[in-house]
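> For reference, the file entry21.txt (compact mmCIF, C-alpha atoms and all ligand atoms) is included below:
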# COMPACT_ATOMS: atom_id res chain seq x y z
CA MET A 1 137.23 89.67 125.39
CA LYS A 2 138.02 88.43 121.88
CA TYR A 3 136.97 84.81 121.61
CA VAL A 4 133.60 83.15 122.04
CA ASP A 5 134.80 80.88 124.89
CA GLU A 6 135.47 83.98 126.98
CA PHE A 7 131.78 84.88 126.72
CA ARG A 8 130.94 81.46 128.21
CA ASP A 9 133.49 81.46 131.01
CA GLY A 10 132.04 79.84 134.15
CA THR A 11 134.17 81.81 136.61
CA LEU A 12 133.21 85.11 135.04
CA ALA A 13 129.58 83.96 135.01
CA ARG A 14 129.65 83.22 138.74
CA GLY A 15 131.18 86.64 139.36
CA LEU A 16 128.46 88.31 137.30
CA ALA A 17 125.79 86.28 139.10
CA ALA A 18 127.15 87.52 142.43
CA ALA A 19 127.10 91.11 141.14
CA ILE A 20 123.48 90.69 139.99
CA ARG A 21 122.49 89.28 143.39
CA ALA A 22 124.22 92.18 145.12
CA GLU A 23 122.56 94.82 142.94
CA ALA A 24 119.03 93.35 142.84
CA ASP A 25 117.00 95.00 145.59
CA PRO A 26 115.46 92.18 147.67
CA ALA A 27 112.49 94.44 148.42
CA ARG A 28 111.32 94.50 144.81
CA ARG A 29 110.71 92.18 141.87
CA TYR A 30 112.21 92.58 138.40
CA ALA A 31 110.68 91.20 135.20
CA PHE A 32 112.54 91.52 131.91
CA MET A 33 111.48 90.28 128.50
CA GLU A 34 114.06 88.85 126.18
CA PHE A 35 112.41 89.65 122.87
CA CYS A 36 114.62 87.51 120.71
CA GLY A 37 114.45 83.72 120.28
CA GLY A 38 118.24 83.59 120.19
CA HIS A 39 118.32 84.95 123.74
CA THR A 40 115.60 82.50 124.83
CA HIS A 41 117.76 79.69 123.50
CA ALA A 42 120.92 81.00 125.21
CA ILE A 43 119.14 81.53 128.55
CA SER A 44 117.78 77.97 128.52
CA ARG A 45 120.88 76.31 127.10
CA TYR A 46 123.34 77.85 129.55
CA GLY A 47 121.05 77.78 132.58
CA VAL A 48 121.19 81.55 133.04
CA THR A 49 117.90 81.52 134.98
CA ASP A 50 119.52 79.32 137.64
CA LEU A 51 122.08 82.02 138.27
CA LEU A 52 119.54 84.76 138.91
CA PRO A 53 118.07 85.58 142.32
CA PRO A 54 114.40 84.57 142.74
CA ASN A 55 113.16 88.15 142.43
CA VAL A 56 114.57 88.50 138.88
CA ARG A 57 112.32 86.87 136.31
CA MET A 58 112.90 86.46 132.58
CA ILE A 59 109.86 86.46 130.27
CA HIS A 60 110.08 84.96 126.80
CA GLY A 61 108.96 87.30 124.02
CA PRO A 62 107.74 86.78 120.46
CA GLY A 63 111.15 86.99 118.81
CA CYS A 64 111.28 83.60 117.13
CA PRO A 65 110.38 84.13 113.46
CA VAL A 66 109.06 80.59 113.04
CA CYS A 67 106.92 80.83 116.19
CA VAL A 68 105.10 84.00 115.16
CA LEU A 69 104.06 82.72 111.72
CA PRO A 70 100.29 82.27 111.82
CA ILE A 71 98.73 79.08 110.46
CA GLY A 72 97.12 80.97 107.57
CA ARG A 73 100.49 81.92 106.06
CA ILE A 74 101.69 78.30 106.08
CA ASP A 75 98.38 77.27 104.52
CA LEU A 76 99.07 79.71 101.67
CA ALA A 77 102.31 77.92 100.85
CA ILE A 78 100.68 74.48 101.02
CA ARG A 79 97.79 75.62 98.80
CA LEU A 80 100.27 77.04 96.30
CA ALA A 81 102.09 73.73 96.08
CA PHE A 82 98.96 71.56 95.88
CA GLU A 83 96.68 73.74 93.78
CA ARG A 84 99.12 75.60 91.52
CA GLY A 85 101.76 72.90 91.21
CA VAL A 86 104.60 75.24 92.16
CA THR A 87 107.82 74.28 93.92
CA VAL A 88 107.88 75.94 97.35
CA LEU A 89 111.28 76.48 98.96
CA THR A 90 111.83 77.54 102.54
CA TYR A 91 114.06 77.25 105.62
CA GLY A 92 114.06 73.90 107.47
CA ASP A 93 112.15 74.91 110.60
CA CYS A 94 109.21 76.28 108.58
CA LEU A 95 108.58 72.81 107.20
CA ARG A 96 107.49 71.46 110.60
CA VAL A 97 105.15 74.25 111.75
CA PRO A 98 101.64 72.82 112.18
CA ALA A 99 99.12 74.10 109.63
CA SER A 100 95.42 73.44 108.92
CA ASP A 101 93.91 69.96 108.45
CA GLY A 102 96.66 68.28 110.48
CA LEU A 103 99.16 69.27 107.82
CA SER A 104 102.54 70.96 107.87
CA MET A 105 104.69 71.70 104.83
CA LEU A 106 106.59 68.49 105.60
CA LYS A 107 103.40 66.41 105.74
CA ALA A 108 102.17 68.08 102.55
CA LYS A 109 105.46 67.10 100.94
CA ALA A 110 104.89 63.50 102.03
CA ARG A 111 101.52 63.68 100.29
CA GLY A 112 103.09 64.75 97.03
CA ALA A 113 103.49 68.54 97.21
CA ASP A 114 106.82 69.77 95.85
CA ILE A 115 108.08 71.55 98.96
CA ARG A 116 111.80 71.64 99.66
CA MET A 117 114.23 72.98 102.22
CA VAL A 118 116.85 75.58 101.32
CA TYR A 119 119.56 77.19 103.43
CA SER A 120 119.28 80.64 101.88
CA ALA A 121 117.27 82.88 99.59
CA ALA A 122 120.16 82.62 97.13
CA ASP A 123 119.67 78.82 96.96
CA ALA A 124 116.04 79.38 95.95
CA LEU A 125 117.04 81.82 93.22
CA ALA A 126 119.69 79.40 91.96
CA LEU A 127 117.15 76.58 91.63
CA ALA A 128 114.84 78.83 89.60
CA GLN A 129 117.77 79.69 87.31
CA ARG A 130 118.79 76.05 86.92
CA GLU A 131 115.28 74.85 86.14
CA PRO A 132 113.47 77.49 84.06
CA GLY A 133 110.58 75.09 83.36
CA ARG A 134 109.74 74.93 87.08
CA GLU A 135 107.67 77.62 88.85
CA VAL A 136 109.61 78.39 92.05
CA VAL A 137 108.27 80.28 95.09
CA PHE A 138 110.54 81.21 98.00
CA PHE A 139 108.60 81.29 101.27
CA ALA A 140 110.52 84.08 103.02
CA ILE A 141 110.31 84.52 106.78
CA GLY A 142 112.18 86.37 109.46
CA PHE A 143 112.80 89.67 111.21
CA GLU A 144 115.04 92.46 109.97
CA THR A 145 118.08 90.15 109.84
CA THR A 146 116.86 87.90 107.04
CA THR A 147 115.11 90.63 105.06
CA PRO A 148 118.16 92.05 103.19
CA PRO A 149 119.03 88.68 101.55
CA THR A 150 115.43 88.39 100.34
CA ALA A 151 115.59 91.94 98.96
CA LEU A 152 118.80 91.03 97.17
CA VAL A 153 117.32 87.99 95.39
CA LEU A 154 114.31 90.05 94.34
CA GLN A 155 116.64 92.63 92.82
CA GLN A 156 118.61 89.87 91.10
CA ALA A 157 115.46 88.16 89.79
CA ARG A 158 114.33 91.46 88.25
CA ALA A 159 117.75 92.12 86.75
CA LEU A 160 117.78 88.63 85.24
CA GLY A 161 114.16 88.84 84.07
CA LEU A 162 113.62 85.51 85.83
CA ALA A 163 109.95 84.80 85.09
CA ASN A 164 109.66 81.49 87.00
CA PHE A 165 110.68 82.88 90.41
CA SER A 166 108.69 84.73 93.06
CA VAL A 167 108.72 85.38 96.80
CA LEU A 168 105.91 84.83 99.31
CA CYS A 169 106.93 87.53 101.76
CA ASN A 170 106.36 87.01 105.50
CA HIS A 171 109.02 89.37 106.81
CA VAL A 172 108.07 91.06 110.09
CA LEU A 173 109.38 94.00 112.10
CA THR A 174 110.68 93.96 115.65
CA PRO A 175 109.74 97.47 116.91
CA SER A 176 106.05 97.02 116.00
CA ALA A 177 105.90 93.77 117.95
CA ILE A 178 107.51 95.36 121.01
CA GLN A 179 105.01 98.22 120.84
CA THR A 180 102.09 95.77 120.57
CA ILE A 181 103.29 94.01 123.71
CA LEU A 182 103.62 97.29 125.58
CA GLU A 183 100.12 98.32 124.45
CA SER A 184 98.58 94.93 125.26
CA PRO A 185 95.89 94.82 127.98
CA GLU A 186 97.96 92.26 129.89
CA VAL A 187 100.78 94.78 130.30
CA ARG A 188 98.92 98.09 130.43
CA GLN A 189 95.68 97.33 132.22
CA PHE A 190 95.68 94.00 133.98
CA GLY A 191 99.28 93.86 135.12
CA THR A 192 99.37 90.11 134.40
CA VAL A 193 102.66 90.66 132.61
CA PRO A 194 104.84 92.95 134.72
CA LEU A 195 107.51 94.33 132.40
CA ASP A 196 110.42 96.35 133.72
CA GLY A 197 112.49 96.34 130.54
CA PHE A 198 113.71 94.49 127.48
CA ILE A 199 116.81 92.71 126.35
CA GLY A 200 117.00 94.02 122.79
CA PRO A 201 117.81 91.61 119.96
CA ALA A 202 121.35 91.05 118.75
CA HIS A 203 121.27 90.25 115.03
CA VAL A 204 118.26 92.45 114.30
CA SER A 205 120.04 95.39 115.92
CA THR A 206 123.09 94.94 113.70
CA ILE A 207 120.75 95.90 110.84
CA ILE A 208 118.44 98.52 112.39
CA GLY A 209 120.83 99.87 115.04
CA SER A 210 119.85 100.91 118.55
CA ARG A 211 117.97 104.08 117.55
CA PRO A 212 114.51 102.47 116.96
CA TYR A 213 114.35 101.38 120.62
CA GLU A 214 114.73 104.92 121.93
CA PHE A 215 111.00 105.45 121.41
CA PHE A 216 110.15 102.69 123.91
CA ALA A 217 112.52 104.02 126.50
CA GLU A 218 111.13 107.55 126.16
CA GLU A 219 107.42 106.92 125.58
CA TYR A 220 106.86 103.86 127.75
CA ARG A 221 109.62 104.44 130.31
CA LYS A 222 111.00 100.93 129.68
CA PRO A 223 114.77 100.44 129.61
CA VAL A 224 116.21 98.44 126.71
CA VAL A 225 119.65 96.84 126.74
CA ILE A 226 120.79 95.36 123.43
CA ALA A 227 122.78 92.20 124.08
CA GLY A 228 124.76 89.55 122.23
CA PHE A 229 123.74 85.91 122.29
CA GLU A 230 126.41 84.52 124.59
CA PRO A 231 125.53 83.78 128.23
CA LEU A 232 127.80 86.50 129.63
CA ASP A 233 126.25 89.01 127.21
CA VAL A 234 122.81 88.15 128.52
CA MET A 235 123.88 88.28 132.17
CA GLN A 236 125.62 91.60 131.71
CA ALA A 237 122.46 92.96 130.04
CA ILE A 238 120.35 91.79 133.00
CA ARG A 239 122.72 93.55 135.37
CA MET A 240 122.50 96.75 133.28
CA LEU A 241 118.69 96.55 133.30
CA ILE A 242 118.62 96.06 137.08
CA ARG A 243 120.83 99.10 137.48
CA GLN A 244 118.56 101.23 135.30
CA VAL A 245 115.49 100.14 137.25
CA ASN A 246 117.20 100.83 140.58
CA GLU A 247 118.23 104.27 139.43
CA GLY A 248 114.82 105.08 137.90
CA ARG A 249 116.34 105.41 134.43
CA ALA A 250 114.73 104.26 131.17
CA GLU A 251 117.37 104.41 128.46
CA VAL A 252 118.66 102.41 125.54
CA GLU A 253 122.01 100.89 126.39
CA ASN A 254 124.14 98.76 124.16
CA GLU A 255 125.96 95.78 125.65
CA PHE A 256 126.68 94.42 122.15
CA THR A 257 128.98 97.24 121.02
CA ARG A 258 131.18 94.76 119.18
CA ALA A 259 128.47 94.46 116.49
CA VAL A 260 125.80 97.12 117.01
CA ASN A 261 125.88 100.90 116.68
CA ARG A 262 123.15 103.52 116.86
CA ASP A 263 122.42 103.71 113.12
CA GLY A 264 122.77 100.08 112.07
CA ASN A 265 123.69 98.90 108.60
CA LEU A 266 122.65 101.78 106.32
CA LYS A 267 123.42 99.87 103.13
CA ALA A 268 121.15 96.99 104.15
CA GLN A 269 118.43 99.45 105.18
CA ALA A 270 118.58 101.18 101.77
CA LEU A 271 118.37 97.84 99.98
CA VAL A 272 115.34 96.80 102.03
CA SER A 273 113.51 100.08 101.52
CA GLU A 274 114.05 99.92 97.76
CA VAL A 275 112.36 96.52 97.53
CA PHE A 276 109.85 96.47 100.41
CA GLU A 277 107.23 98.75 101.90
CA LEU A 278 105.14 98.52 105.07
CA ARG A 279 102.00 96.42 105.13
CA ARG A 280 99.01 98.13 106.71
CA SER A 281 98.45 95.11 108.91
CA PHE A 282 99.81 91.60 109.33
CA GLU A 283 98.66 88.71 111.47
CA TRP A 284 101.12 87.41 114.06
CA ARG A 285 100.56 84.20 115.96
CA GLY A 286 99.71 85.21 119.51
CA LEU A 287 99.50 88.94 118.82
CA GLY A 288 96.73 88.96 116.19
CA GLN A 289 96.62 91.70 113.55
CA VAL A 290 99.46 94.14 114.21
CA PRO A 291 99.40 97.42 112.24
CA TYR A 292 102.48 98.27 110.17
CA SER A 293 104.35 95.29 111.54
CA ALA A 294 105.45 93.55 108.35
CA LEU A 295 106.75 94.17 104.86
CA ARG A 296 105.32 93.60 101.44
CA ILE A 297 107.02 93.72 98.07
CA ARG A 298 106.86 97.08 96.27
CA ALA A 299 104.94 97.48 93.00
CA PRO A 300 108.03 97.59 90.68
CA PHE A 301 108.78 94.04 91.87
CA ALA A 302 105.15 92.81 91.58
CA ALA A 303 106.07 90.24 88.92
CA TRP A 304 108.15 88.50 91.60
CA ASP A 305 105.57 88.85 94.38
CA ALA A 306 103.84 85.46 94.78
CA GLU A 307 100.79 87.06 96.43
CA VAL A 308 100.20 89.23 93.34
CA LYS A 309 101.35 86.69 90.77
CA PHE A 310 99.04 83.93 92.04
CA GLY A 311 96.25 86.18 93.38
CA LEU A 312 96.60 84.68 96.86
CA ASP A 313 93.79 85.29 99.30
CA TYR A 314 94.84 85.18 102.98
CA ARG A 315 92.55 83.42 105.43
CA SER A 316 93.11 83.61 109.16
CA VAL A 317 92.95 80.27 110.98
CA PRO A 318 92.65 79.87 114.77
CA ASP A 319 95.35 77.94 116.61
CA HIS A 320 94.82 74.43 118.02
CA LYS A 321 92.47 74.90 121.00
CA ALA A 322 94.75 73.32 123.58
CA CYS A 323 97.93 75.03 122.34
CA GLU A 324 99.11 77.95 124.48
CA CYS A 325 101.62 79.32 121.95
CA GLY A 326 99.69 82.58 121.66
CA ALA A 327 99.80 83.26 125.41
CA ILE A 328 103.47 82.22 125.57
CA LEU A 329 104.38 84.59 122.73
CA ARG A 330 102.68 87.45 124.60
CA GLY A 331 104.60 86.57 127.77
CA VAL A 332 101.40 85.67 129.62
CA LYS A 333 102.19 81.97 130.13
CA ARG A 334 105.20 79.71 130.35
CA PRO A 335 105.72 76.49 128.35
CA SER A 336 105.00 74.30 131.37
CA ASP A 337 101.58 75.99 131.70
CA CYS A 338 100.49 74.18 128.53
CA ARG A 339 98.95 70.79 129.25
CA LEU A 340 100.33 69.42 125.96
CA PHE A 341 103.92 70.34 126.90
CA ALA A 342 106.26 67.34 126.87
CA THR A 343 103.31 64.93 126.66
CA VAL A 344 101.51 65.23 123.34
CA CYS A 345 103.74 68.07 122.16
CA THR A 346 107.47 67.40 121.79
CA PRO A 347 110.13 68.62 119.33
CA GLU A 348 109.64 65.37 117.38
CA ASN A 349 105.88 65.92 117.23
CA PRO A 350 105.19 69.66 117.65
CA MET A 351 101.56 70.64 118.15
CA GLY A 352 102.35 74.36 118.13
CA SER A 353 104.95 76.60 116.56
CA CYS A 354 106.86 77.27 119.83
CA MET A 355 107.99 73.62 119.90
CA VAL A 356 109.45 73.67 116.37
CA SER A 357 112.56 75.83 116.29
CA SER A 358 115.33 75.61 118.88
CA GLU A 359 114.66 79.33 119.44
CA GLY A 360 111.03 78.66 120.38
CA ALA A 361 110.22 78.97 124.09
CA CYS A 362 108.71 75.48 124.33
CA ALA A 363 111.53 73.75 122.46
CA ALA A 364 114.17 75.60 124.49
CA HIS A 365 112.47 74.68 127.75
CA TYR A 366 111.92 71.07 126.60
CA ASN A 367 115.58 70.62 125.65
CA TYR A 368 117.23 72.40 128.56
CA GLY A 369 114.86 73.26 131.36
CA ARG A 370 111.94 70.93 131.84
CA PHE A 371 113.48 68.81 134.60
CA ARG A 372 114.07 71.92 136.68
CA ASP A 373 110.28 72.45 136.83
CA HIS A 374 110.23 69.64 139.38
CA ALA A 375 113.26 70.78 141.35
CA PRO A 376 112.72 72.39 144.75
CA ASP A 377 112.53 76.18 144.44
CA ASN A 378 112.15 75.70 140.66
CA GLY A 379 115.82 74.93 140.34
CA ARG A 380 116.95 78.21 141.88
CA SER A 381 118.70 76.30 144.61
CA THR A 382 120.92 74.56 142.06
CA PRO A 383 124.42 74.73 143.51
CA PRO A 384 127.13 76.54 141.54
CA ALA A 385 128.87 73.24 140.80
CA THR A 386 126.15 72.40 138.28
CA ILE A 387 126.46 75.60 136.27
CA ARG A 388 126.52 74.46 132.68
CA LEU A 389 128.93 77.08 131.41
CA ALA A 390 132.40 76.51 130.13
CA SER A 391 134.92 77.16 132.87
S1 LIG B 401 103.77 72.85 124.39
FE1 LIG B 401 103.25 72.70 122.22
S2 LIG B 401 101.08 73.02 122.12
FE2 LIG B 401 101.76 73.76 124.11
S3 LIG B 401 102.21 75.94 123.84
FE3 LIG B 401 104.10 74.85 123.46
S4 LIG B 401 104.12 74.50 121.27
FE4 LIG B 401 102.02 75.06 121.78
If you took the structure in this file and wrote it as structure tokens, what would it be?
Ligand code: SF4

Amino acid sequence: MKYVDEFRDGTLARGLAAAIRAEADPARRYAFMEFCGGHTHAISRYGVTDLLPPNVRMIHGPGCPVCVLPIGRIDLAIRLAFERGVTVLTYGDCLRVPASDGLSMLKAKARGADIRMVYSAADALALAQREPGREVVFFAIGFETTTPPTALVLQQARALGLANFSVLCNHVLTPSAIQTILESPEVRQFGTVPLDGFIGPAHVSTIIGSRPYEFFAEEYRKPVVIAGFEPLDVMQAIRMLIRQVNEGRAEVENEFTRAVNRDGNLKAQALVSEVFELRRSFEWRGLGQVPYSALRIRAPFAAWDAEVKFGLDYRSVPDHKACECGAILRGVKRPSDCRLFATVCTPENPMGSCMVSSEGACAAHYNYGRFRDHAPDNGRSTPPATIRLAS
């Protein structure tokens, strides 16, 4: 298949759904976590869950970079803008993540803080170049996919000797988060989250390759299938996972061969390792402190590290008491388990981070799935005529 429409073809989807039903053993249950927010979005948007038999369950993982940002990191950016008078630049979704004192970056902006949206790290660097009298901080977030562009602007800032630019680094790492989930009491001891395997991320894997997942397959006996973001990619990955489980295999397989290989993008990896090093520990929303799960800026780039430059002191802040984002990010609960879901908390008025980005589990379920909560058999009985795939 060459074009994106072919990966959304309704007839092919129905054929794949039939193959999944035929291969899923009715005597057992299957639970797979899609780690990545892009997959969560695709599964909700294209109604993939409706096409699966009732004994195949998808669990949302913590792969939305906006969702896993803890409140304390957003507070740092707001404090920088209010107390140090700097201009904070970040991606659009970050602006709406709830922070302390009923604030978000957007609300802080409304109260006078100079916080602006950019589309890329390069935009932030360009603003600092255009306005040398302004102190500019780029609030950088994301998994391995967005890290190389941040590394590049740090290299450029150093080459230019750009003294009014720095980066507040919040980049996090996928394999550490997967390991934390596998080591969590809910998975290992209590069995509240049955996990038979993972759909591995698409974009992240283009950078790091498929090799880092081999550890999980070997050590934890959990199959991983790396998949693209289109609905047929996801369905094919589910079928491959079911096959592995049926055959007692735990391997890394790559459904997304059109973009991912075993080694990943070596040039991007070299760039990242020149600029960043591992943090000993980093707080994730929902997962708490996760060892060696994030990056910090290396000493030769300290002049462009906002945490060093402004002597920032991180303070952990608990989530809103009624918000279940933490449990959802660990795969313990579903969006509809939260009593704020679709009542107090909506995409227009998010109370937690999972309702902010379209890749967040709550926002995806709000936009595409919430009415099926009330359908008989949770929507599983939806007839094929209502499949929302291109045909
Ligand atoms: S519905 Fe809102 S408050 Fe509840 S878990 Fe989701 S984001 Fe958090």
> Quick one: residues within 10 Å of region 103-110 of chain A, all atoms listed in the file counted, chain neighbours fewer than 3 positions away excluded, as number ranges by chain?
A: 71, 74-75, 77-79, 81-82, 88, 90, 92-100, 113-117
> Mind dumping the selected residues with C-alpha atoms as an mmCIF file, in the frame of the given file?

data_model
loop_
_atom_site.group_PDB
_atom_site.id
_atom_site.type_symbol
_atom_site.label_atom_id
_atom_site.label_comp_id
_atom_site.auth_asym_id
_atom_site.auth_seq_id
_atom_site.Cartn_x
_atom_site.Cartn_y
_atom_site.Cartn_z
ATOM 1 C CA ILE A 71 98.730 79.080 110.460
ATOM 2 C CA ILE A 74 101.690 78.300 106.080
ATOM 3 C CA ASP A 75 98.380 77.270 104.520
ATOM 4 C CA ALA A 77 102.310 77.920 100.850
ATOM 5 C CA ILE A 78 100.680 74.480 101.020
ATOM 6 C CA ARG A 79 97.790 75.620 98.800
ATOM 7 C CA ALA A 81 102.090 73.730 96.080
ATOM 8 C CA PHE A 82 98.960 71.560 95.880
ATOM 9 C CA VAL A 88 107.880 75.940 97.350
ATOM 10 C CA THR A 90 111.830 77.540 102.540
ATOM 11 C CA GLY A 92 114.060 73.900 107.470
ATOM 12 C CA ASP A 93 112.150 74.910 110.600
ATOM 13 C CA CYS A 94 109.210 76.280 108.580
ATOM 14 C CA LEU A 95 108.580 72.810 107.200
ATOM 15 C CA ARG A 96 107.490 71.460 110.600
ATOM 16 C CA VAL A 97 105.150 74.250 111.750
ATOM 17 C CA PRO A 98 101.640 72.820 112.180
ATOM 18 C CA ALA A 99 99.120 74.100 109.630
ATOM 19 C CA SER A 100 95.420 73.440 108.920
ATOM 20 C CA ALA A 113 103.490 68.540 97.210
ATOM 21 C CA ASP A 114 106.820 69.770 95.850
ATOM 22 C CA ILE A 115 108.080 71.550 98.960
ATOM 23 C CA ARG A 116 111.800 71.640 99.660
ATOM 24 C CA MET A 117 114.230 72.980 102.220
#
> Once you add 5 Å to each side, what are the centre and edge lengths of the axis-aligned box holding all listed atoms of ligand LIG 401 (chain B)? One decimal in Å, as AutoDock Vina command-line options, if you can.

--center_x 102.6 --center_y 74.3 --center_z 122.8 --size_x 13.0 --size_y 13.2 --size_z 13.1
> Residues at most 6 Å from ligand LIG 401 (chain B), using only C-alpha atoms and all ligand atoms? Could they come as a VMD selection string?
chain A and resid 323 to 325 335 338 340 to 341 345 350 to 355 362
> Under the rule that all atoms listed in the file are counted, which of A:Val4, A:Val86, A:Ile208, A:Ala151 is the nearest residue to Asp263 (chain A)?
A:Ile208
> May I have the residues within 6 Å of Ala202 (chain A) as a list in words, using all atoms listed in the file and disregarding those fewer than 3 positions away in the same chain?
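What passes the distance filter is Ser205, Ala227 and Gly228 of chain A.
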> Given the selection you just returned, output its residues as a file containing C-alpha atoms, formatted as a JSON list (two decimals), in the coordinates of the input.

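Saved as part11.json:
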[["chain", "number", "residue", "atom", "x", "y", "z"],
["A", 205, "SER", "CA", 120.04, 95.39, 115.92],
["A", 227, "ALA", "CA", 122.78, 92.20, 124.08],
["A", 228, "GLY", "CA", 124.76, 89.55, 122.23]]
> What are the nearest atom pairs, with distances in Å to one decimal, for all residues of region 50-131 of chain A that come at most 9 Å from region 174-189 of chain A, using all atoms listed in the file, set out by chain and rising residue number as a Markdown table?

| residue | atom | partner | partner_atom | distance |
| --- | --- | --- | --- | --- |
| A:Gly61 | CA | A:Ile178 | CA | 8.7 |
| A:Pro62 | CA | A:Ala177 | CA | 7.7 |
| A:Gly63 | CA | A:Thr174 | CA | 7.7 |
> What are the nearest atom pairs, with distances in Å to one decimal, for all residues of region 130-151 of chain A that come at most 10 Å from region 301-316 of chain A, using all atoms listed in the file, set out by chain and rising residue number as CSV?

residue,atom,partner,partner_atom,distance
A:Val136,CA,A:Ala306,CA,9.5
A:Val137,CA,A:Ala306,CA,6.8
A:Phe138,CA,A:Ala306,CA,8.6
A:Phe139,CA,A:Ala306,CA,9.1
> With C-alpha atoms kept, could you save the residues just selected as a compact mmCIF listing (two decimals), keeping the file's coordinate frame?

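To be explicit, this is the file written out as selection-v7.txt:
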# COMPACT_ATOMS: atom_id res chain seq x y z
CA VAL A 136 109.61 78.39 92.05
CA VAL A 137 108.27 80.28 95.09
CA PHE A 138 110.54 81.21 98.00
CA PHE A 139 108.60 81.29 101.27
> List the spatial neighbours of region 7-19 of chain A as an NGL selection string - criterion: any atom at most 12 Å away, only C-alpha atoms, same-chain residues fewer than 3 positions off excluded.
:A and (1-4 or 22-25 or 42-43 or 45-53 or 56 or 227-240 or 242-243 or 256 or 383-391)
> Which is closer to Met33 (chain A) than all the others in A:Ala327, A:Ile199, A:Ala126, A:Ala259, using all atoms listed in the file?
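That would be A:Ile199, the residue with the smallest distance to Met33 (chain A).
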> Using all atoms listed in the file, determine which residues lie at most 7 Å from region 272-287 of chain A, disregarding the query and same-chain residues fewer than 6 positions distant; provide the list as a list in words.
Val68, Leu69, Pro70, Thr147, Pro148, Ala151, Ser293, Ala294, Leu295, Arg296, Ile297, Arg298, Cys325, Gly326, Ala327, Leu329 and Arg330 of chain A
> When you draw a straight line from CA of Pro54 (chain A) to CA of Asp5 (chain A), how long is it in Å?
27.4 Å
> As an exercise, work out the distance from CA of Gly248 (chain A) to CA of Asn261 (chain A) in Å and give it to one decimal place.
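According to the coordinates, CA of Gly248 (chain A) and CA of Asn261 (chain A) are separated by 24.3 Å.
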> Using all atoms listed in the file, pick whichever of A:Arg73, A:His39, A:Arg334, A:Arg57 has the shortest atom-to-atom distance to Leu168 (chain A).
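Selected residue with least distance to Leu168 (chain A): A:Arg73.
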> Choose the residue, out of A:Val153, A:Leu160, A:Val204, A:Val252, that has the smallest atom-to-atom separation from Glu218 (chain A); count all atoms listed in the file.
A:Val252
> How many Å separate CA of Leu89 (chain A) from CA of Gly133 (chain A)?
15.7 Å
> Identify which of the residues A:Lys267, A:Arg134, A:His203, A:Arg258 lies closest to Leu152 (chain A), counting only C-alpha atoms when measuring atom-to-atom distances.
A:Lys267
> Write out as JSON, numbers by chain the residues lying within 7 Å of Thr40 (chain A), counting all atoms listed in the file and excluding same-chain residues fewer than 6 positions away.
{"A": [34, 60, 359, 361]}
> Nearest residue to Leu76 (chain A) out of A:Ala364, A:Ile207, A:Ala157, A:Cys169, using all atoms listed in the file?
A:Cys169
